[in-house]
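Notes follow the structure.
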Amino acid sequence: MVETLKENVGYGVLLQARERILKTERRPPTFIREIIVENFMSYEYARIPLTKGLNIICGPNGSGKSSILLGISVALGQIYTERSRKLSDLIRRGKDLGRVTVVFDNRPVDGRRPISFSRSDSFMLSRYLRKDGSYWFETDYKEVSSSEVREVLSSLNINPDNMLLIMHQGMVEEFALVNAEDKLKMVEDVVGLSGYREKVLDSQRRLQTLISEETSVKQLMGMAEETLTHWKDIYDRFLKKQELISRRNYLLKEKFWVHISKLEKNIEVTSNKLELKRKEVNDLSEKVKRSEEKSKSIEVELHASYNKLKRAFTSLSFLLSDKNSSEARKKVLELAIHSLENMSATIGKHLAECKSETKDLKTLQRDIDILVNSWSKEAEIDSRKSIEASGEAEVIEKALAQNEEGILSLTKEYAEERANVALLAYQRRQSEKEAAELERNLRELKAELANLELQKPSMGPRAPVTRQLYDIDAELSSVTAQIEAYADVPNEAKDIFESYSTKYKELKERLELVLENKKAVLSELEERKKVWRKGIHSVLESVNPVYQEILRGLNAYGYIRLTGEEEFEKTGLELLIGFRGATPAVLDAYTLSGGERSTATISFLLALQRLSPSPIVAVDEFDVHMDPVNRERIFRSIFQRAQDDEKQYIVITPSQVKIMGGDINYVVTQMIEGRTEVGTIAGR
């Protein structure tokens, strides 16, 4: 809460400022009304009632006194406890689940409750422990996270990890071992000055950051200046390169328009050639058609001559066959006639010689003569037929010879006409190929022109054609070669040069800002250190008198002082004490006895409570090394502080305490049959 104060508020009025804040927030302090433990260490089940003011827990050693404070620490999520022992080891032997519940007083004061989100007069904070090592928190039977628990405790100004608020068994001795710097940090945390330390540390961190940034920026500026000079040279070369590139672009445009003109001319020439070639193809097609028609006519005539020849040849074959047949029959008849004549002569000879049977022979001779005459006539007919057939055959042969000559002439003429058709067809195909090639060339030229047409908008107005392509290409090659000499110049040279110029300017401005901020942070740091020192001195001015007053009641003298004030990080806190007129010695583990260390620590703890906003202070067995007189005196001081501060003090002791007063809550522990039992007795 003190962190909300402005830094220029003097810590001498720390207490009044805190009271003013509490009054403004109207949040009343709380205290622990009851501790409930179940299956926790030696406790099977117990409810330990506590009151506002002084609570003294006593009992024999091993009776479970310290377990109560340990249980409070476990419920509050204290890191110390979790570091020291496994939580599962705190569960009562033979049980799987343990629980510790701290019941806070949450009764409203002037309509305001200590824990505002709870509507109950009692606020229960519980922690459950399992044997498997898992655990969880509950507030009013609702599970919450550890961060939520810390948030609630922070709102109540309870820090269970500060040993000046909850001092477990052995921590009195441990406090003597803590170095002066850490002692001071504990005090700052208790009285609410840790925020001031954080502000100083924050300023130191920011100062260190600014110093590092200053060094870094200066280094960057040095490198940036060198880089800027380097890129300035490159930028100058970049400008020359751009000039050459502009000339090259102009030449490319000029070449483009020359190319366009050339393409247009080629398209015109090719179109004319294509038109002539197409006409040539049409003429050849007509010639092919006429030649094919003529060849077909010759073919028809040739077929007719062939058929006529075929018929004549057939007739000739028949005539020759008849002639041969007549001649053959004539020869047969002549042979037969010759035989019959010989037979008739023989018969005549026989008739001359024979006188008998002449009648029959004469009849036979007569028949033979008749047959000879008949066959002679037939032979004459066959002879005549043969002669006629020979004449007709001669006529047909002459016609055949004439037909053969006509067929040969027609065949030659047909062959020549077919060759002419083939030649014309070949010429037409060649012309068609040439026409197709011209069409392809024309398409390519037009496509190329169409592609170039797309570039026209970027090429500007049409340039007059005044030079040949080879002149343009020659100059273009020269310019391109010059550009190549600037190949190492990146296209981003301008952007990079301008970027480095901007960065250098920004670095310069940044350095000025860093130096200005450094000056401001240095001033702020010194001011915060002053405020922090003023606060620390105010704490000592407030605590020292109380500390000395307590020590006087113990027949001792001492004081609290700061060490190493020259350096913030080395500033620490030392407690000094001397008994029975002895020179005060520094509280450490070597100079003082155990009782003296305990007396100094508890006296300081009591003196500090008036500045602490924490509603609870707990300490365990601080008096084991004290003599009876000092023990009783310390307990009376505790009793007095509990009445003055209106806080809850929880003191655990193995000793018998003889303090009279009805405002003291005595809690007595004892071990019965392996479990701790708790009882209370009225103050006496």
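Labels for the structure tokens follow display order: chains A, B, ..., residues from 1 in each chain, ligands from 1.
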
Name all residues at most 8 Å from segment 603-605 of chain A (count only C-alpha atoms; drop same-chain ones fewer than 3 positions away) and give them as a compact mmCIF listing (two decimals) with C-alpha atoms, in the first residue's frame.
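selection.txt, freshly written:
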# COMPACT_ATOMS: atom_id res chain seq x y z
CA LEU A 164 10.33 -11.35 10.19
CA VAL A 543 12.45 1.55 15.33
CA TYR A 547 14.37 -1.41 20.16
CA ILE A 550 12.88 -3.16 24.94
CA LEU A 551 16.59 -3.82 25.52
CA LEU A 575 21.71 -5.12 14.91
CA THR A 599 17.09 -11.60 22.58
CA ALA A 600 18.40 -9.19 19.94
CA LEU A 608 9.50 -3.37 13.92
CA GLN A 609 5.85 -4.39 14.23
CA ILE A 634 10.55 -10.84 26.53

Fill in the blank from the handout: Between atom CA of Gln640 of chain A and atom CA of Asp627 of chain A lies a distance of 20.1 Å

Problem - strand (DSSP E) positions in segment 68-131 of chain A, given as a count of residues only - result: 18

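Closest approach to Tyr128 of chain A among A:Tyr590, A:Phe568, A:Tyr141, A:Tyr666 is made by A:Tyr141 (distances from only C-alpha atoms).
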
Completion exercise
re atom CA of Cys58 of chain A and atom CA of Met124 of chain A: distance 24.8 Å

Handout entry: Computed interatomic separation between atom CA of Leu50 of chain A and atom CA of Ser145 of chain A (Å)
Key = 26.2 Å

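Between Ser386 of chain A and the residues A:Lys183, A:Arg675, A:Arg528, A:Lys330, the shortest atom-to-atom distance, using only C-alpha atoms, involves A:Lys330.
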
Exercise for the section: Rank nothing, just name the residue among A:Glu174, A:Glu416, A:Asp367, A:Asp663 nearest to Ser598 of chain A, using only C-alpha atoms. Expected result: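 Checking each candidate against Ser598 of chain A, we get A:Glu174 as the closest.
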
Would you mind listing, for every residue of segment 242-354 of chain A within 8 Å of segment 396-399 of chain A, the two atoms forming the shortest contact and the distance between them in Å to one decimal, using only C-alpha atoms, sorted by chain and ascending residue number, as JSON lines?
{"residue": "A:Ala312", "atom": "CA", "partner": "A:Ile396", "partner_atom": "CA", "distance": 6.4}
{"residue": "A:Phe313", "atom": "CA", "partner": "A:Ile396", "partner_atom": "CA", "distance": 7.8}
{"residue": "A:Ser315", "atom": "CA", "partner": "A:Ile396", "partner_atom": "CA", "distance": 7.8}
{"residue": "A:Leu316", "atom": "CA", "partner": "A:Ile396", "partner_atom": "CA", "distance": 6.3}

Exercise for the section: Rank A:Ile245, A:Leu129, A:Ile260, A:Leu177 by their smallest atom-to-atom distance to Glu574 of chain A, using only C-alpha atoms, and report the top residue only. Expected result: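 Distance minimum relative to Glu574 of chain A lands on A:Leu177.
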
Any idea what's packed within 9 Å of Ile298 of chain A, counting only C-alpha atoms, ignoring anything in its chain fewer than 3 positions away? Could you give it as an mmCIF file with all heavy atoms, in the first residue's frame?
data_model
loop_
_atom_site.group_PDB
_atom_site.id
_atom_site.type_symbol
_atom_site.label_atom_id
_atom_site.label_comp_id
_atom_site.auth_asym_id
_atom_site.auth_seq_id
_atom_site.Cartn_x
_atom_site.Cartn_y
_atom_site.Cartn_z
ATOM 1 N N GLU A 293 -9.160 -35.282 -117.058
ATOM 2 C CA GLU A 293 -10.306 -35.536 -117.935
ATOM 3 C C GLU A 293 -9.832 -36.128 -119.270
ATOM 4 O O GLU A 293 -10.431 -37.075 -119.811
ATOM 5 C CB GLU A 293 -11.064 -34.241 -118.187
ATOM 6 C CG GLU A 293 -11.841 -33.758 -116.961
ATOM 7 C CD GLU A 293 -12.503 -32.408 -117.196
ATOM 8 O OE1 GLU A 293 -12.213 -31.793 -118.252
ATOM 9 O OE2 GLU A 293 -13.277 -31.971 -116.309
ATOM 10 N N LYS A 294 -8.745 -35.587 -119.837
ATOM 11 C CA LYS A 294 -8.201 -36.099 -121.102
ATOM 12 C C LYS A 294 -7.719 -37.527 -120.941
ATOM 13 O O LYS A 294 -7.954 -38.382 -121.798
ATOM 14 C CB LYS A 294 -7.059 -35.204 -121.568
ATOM 15 C CG LYS A 294 -6.515 -35.589 -122.949
ATOM 16 C CD LYS A 294 -5.441 -34.595 -123.387
ATOM 17 C CE LYS A 294 -4.892 -34.994 -124.778
ATOM 18 N NZ LYS A 294 -3.830 -34.056 -125.231
ATOM 19 N N SER A 295 -7.040 -37.810 -119.847
ATOM 20 C CA SER A 295 -6.543 -39.168 -119.619
ATOM 21 C C SER A 295 -7.690 -40.151 -119.466
ATOM 22 O O SER A 295 -7.610 -41.296 -119.932
ATOM 23 C CB SER A 295 -5.630 -39.199 -118.404
ATOM 24 O OG SER A 295 -6.372 -38.929 -117.227
ATOM 25 N N GLU A 301 -11.283 -44.756 -124.692
ATOM 26 C CA GLU A 301 -10.976 -45.146 -126.075
ATOM 27 C C GLU A 301 -10.086 -46.374 -126.109
ATOM 28 O O GLU A 301 -10.264 -47.291 -126.926
ATOM 29 C CB GLU A 301 -10.308 -43.975 -126.794
ATOM 30 C CG GLU A 301 -10.133 -44.214 -128.293
ATOM 31 C CD GLU A 301 -9.520 -43.001 -128.990
ATOM 32 O OE1 GLU A 301 -9.345 -41.945 -128.307
ATOM 33 O OE2 GLU A 301 -9.211 -43.101 -130.177
ATOM 34 N N LEU A 302 -9.123 -46.383 -125.191
ATOM 35 C CA LEU A 302 -8.216 -47.532 -125.118
ATOM 36 C C LEU A 302 -8.976 -48.792 -124.756
ATOM 37 O O LEU A 302 -8.741 -49.865 -125.322
ATOM 38 C CB LEU A 302 -7.115 -47.238 -124.098
ATOM 39 C CG LEU A 302 -5.995 -48.279 -123.971
ATOM 40 C CD1 LEU A 302 -5.249 -48.422 -125.306
ATOM 41 C CD2 LEU A 302 -5.015 -47.860 -122.884
ATOM 42 N N HIS A 303 -9.917 -48.684 -123.865
ATOM 43 C CA HIS A 303 -10.727 -49.846 -123.474
ATOM 44 C C HIS A 303 -11.566 -50.324 -124.659
ATOM 45 O O HIS A 303 -11.706 -51.550 -124.891
ATOM 46 C CB HIS A 303 -11.638 -49.475 -122.301
ATOM 47 C CG HIS A 303 -10.948 -49.576 -120.964
ATOM 48 N ND1 HIS A 303 -10.496 -50.764 -120.440
ATOM 49 C CD2 HIS A 303 -10.622 -48.621 -120.042
ATOM 50 C CE1 HIS A 303 -9.944 -50.562 -119.285
ATOM 51 N NE2 HIS A 303 -10.002 -49.237 -119.017
ATOM 52 N N LEU A 410 -2.506 -45.258 -128.335
ATOM 53 C CA LEU A 410 -3.339 -44.762 -127.217
ATOM 54 C C LEU A 410 -2.650 -44.978 -125.870
ATOM 55 O O LEU A 410 -2.721 -44.128 -124.975
ATOM 56 C CB LEU A 410 -4.700 -45.466 -127.232
ATOM 57 C CG LEU A 410 -5.660 -45.047 -128.349
ATOM 58 C CD1 LEU A 410 -6.885 -45.949 -128.360
ATOM 59 C CD2 LEU A 410 -6.072 -43.591 -128.169
ATOM 60 N N THR A 411 -2.024 -46.141 -125.742
ATOM 61 C CA THR A 411 -1.322 -46.439 -124.472
ATOM 62 C C THR A 411 -0.217 -45.420 -124.219
ATOM 63 O O THR A 411 -0.030 -44.915 -123.096
ATOM 64 C CB THR A 411 -0.732 -47.852 -124.506
ATOM 65 O OG1 THR A 411 -1.787 -48.793 -124.727
ATOM 66 C CG2 THR A 411 -0.016 -48.179 -123.207
ATOM 67 N N GLU A 413 -0.064 -42.429 -125.505
ATOM 68 C CA GLU A 413 -0.685 -41.126 -125.222
ATOM 69 C C GLU A 413 -1.242 -41.090 -123.804
ATOM 70 O O GLU A 413 -1.109 -40.084 -123.097
ATOM 71 C CB GLU A 413 -1.807 -40.879 -126.234
ATOM 72 C CG GLU A 413 -2.416 -39.490 -126.103
ATOM 73 C CD GLU A 413 -3.516 -39.252 -127.121
ATOM 74 O OE1 GLU A 413 -3.770 -40.152 -127.951
ATOM 75 O OE2 GLU A 413 -4.133 -38.159 -127.080
ATOM 76 N N TYR A 414 -1.837 -42.197 -123.337
ATOM 77 C CA TYR A 414 -2.393 -42.278 -121.964
ATOM 78 C C TYR A 414 -1.281 -42.145 -120.921
ATOM 79 O O TYR A 414 -1.413 -41.426 -119.926
ATOM 80 C CB TYR A 414 -3.142 -43.594 -121.808
ATOM 81 C CG TYR A 414 -3.735 -43.782 -120.439
ATOM 82 C CD1 TYR A 414 -4.893 -43.105 -120.059
ATOM 83 C CD2 TYR A 414 -3.129 -44.631 -119.504
ATOM 84 C CE1 TYR A 414 -5.439 -43.274 -118.798
ATOM 85 C CE2 TYR A 414 -3.664 -44.793 -118.246
ATOM 86 C CZ TYR A 414 -4.822 -44.118 -117.894
ATOM 87 O OH TYR A 414 -5.352 -44.281 -116.631
ATOM 88 N N GLU A 417 -0.175 -38.652 -120.768
ATOM 89 C CA GLU A 417 -1.143 -37.783 -120.083
ATOM 90 C C GLU A 417 -1.127 -38.020 -118.573
ATOM 91 O O GLU A 417 -1.222 -37.079 -117.778
ATOM 92 C CB GLU A 417 -2.535 -38.026 -120.650
ATOM 93 C CG GLU A 417 -3.518 -36.892 -120.392
ATOM 94 C CD GLU A 417 -3.046 -35.590 -121.031
ATOM 95 O OE1 GLU A 417 -2.536 -35.591 -122.167
ATOM 96 O OE2 GLU A 417 -3.179 -34.536 -120.342
#

Find the residues of segment 615-672 of chain A that sit at most 6 Å from segment 61-79 of chain A; for each, write down the nearest two atoms and how far apart they are in Å, to one decimal. Count only C-alpha atoms. Sort by chain, then by number going up, and give it as CSV.
residue,atom,partner,partner_atom,distance
A:Thr669,CA,A:Ser63,CA,5.8
A:Gln670,CA,A:Ser63,CA,4.8
A:Met671,CA,A:Ser63,CA,4.9

Take the residues just selected and output them with N, CA, C and O atoms as a PDB file, in the first residue's frame.
ATOM      1  N   THR A 669      -0.638 -28.231  23.825  1.00  0.00           N
ATOM      2  CA  THR A 669      -0.608 -29.462  23.033  1.00  0.00           C
ATOM      3  C   THR A 669      -0.004 -30.573  23.864  1.00  0.00           C
ATOM      4  O   THR A 669       0.874 -30.351  24.708  1.00  0.00           O
ATOM      5  N   GLN A 670      -0.504 -31.770  23.623  1.00  0.00           N
ATOM      6  CA  GLN A 670       0.077 -32.940  24.274  1.00  0.00           C
ATOM      7  C   GLN A 670      -0.147 -34.158  23.383  1.00  0.00           C
ATOM      8  O   GLN A 670      -1.102 -34.207  22.606  1.00  0.00           O
ATOM      9  N   MET A 671       0.763 -35.117  23.499  1.00  0.00           N
ATOM     10  CA  MET A 671       0.703 -36.319  22.682  1.00  0.00           C
ATOM     11  C   MET A 671       0.001 -37.411  23.472  1.00  0.00           C
ATOM     12  O   MET A 671       0.424 -37.768  24.580  1.00  0.00           O
TER      13      MET A 671
END

Applying 10 Å and only C-alpha atoms, which residues near Phe175 of chain A remain after dropping the ones on its own chain fewer than 6 positions away? List them as a PDB file with C-alpha atoms, in the first residue's frame.
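What ended up in selection.pdb:
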ATOM      1  CA  MET A 163      10.903 -14.602   8.296  1.00  0.00           C
ATOM      2  CA  LEU A 164      10.327 -11.346  10.186  1.00  0.00           C
ATOM      3  CA  MET A 167       9.663 -17.200  12.019  1.00  0.00           C
ATOM      4  CA  ASP A 182      19.313  -9.277   2.997  1.00  0.00           C
ATOM      5  CA  LYS A 183      18.326  -8.146   6.518  1.00  0.00           C
ATOM      6  CA  LEU A 587      24.403  -9.695  15.716  1.00  0.00           C
ATOM      7  CA  ASP A 588      26.055 -12.606  13.916  1.00  0.00           C
ATOM      8  CA  ALA A 589      26.638 -16.302  14.395  1.00  0.00           C
ATOM      9  CA  ARG A 597      21.169 -13.603  19.539  1.00  0.00           C
ATOM     10  CA  SER A 598      17.606 -14.648  20.340  1.00  0.00           C
ATOM     11  CA  THR A 601      16.339 -10.771  17.152  1.00  0.00           C
TER      12      THR A 601
END

Practice task
Give the alpha helix (DSSP H) residues of segment 376-617 of chain A, as DSSP finds them on the backbone, and put them as a ChimeraX atom specification.
Solution key: /A:376-459,469-484,493-552,594-608

Handout entry: From A:Thr591, A:Asn555, A:Asn373, A:Gln643, residue lying nearest Phe579 of chain A [only C-alpha atoms]
Key = A:Asn555

Practice task
Between A:Glu566, A:Ile32, A:Gly53, A:Asn157, single out the one closest to Ser122 of chain A, counting only C-alpha atoms.
Solution key: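 Using only C-alpha atoms, Ser122 of chain A sits closest to A:Ile32.
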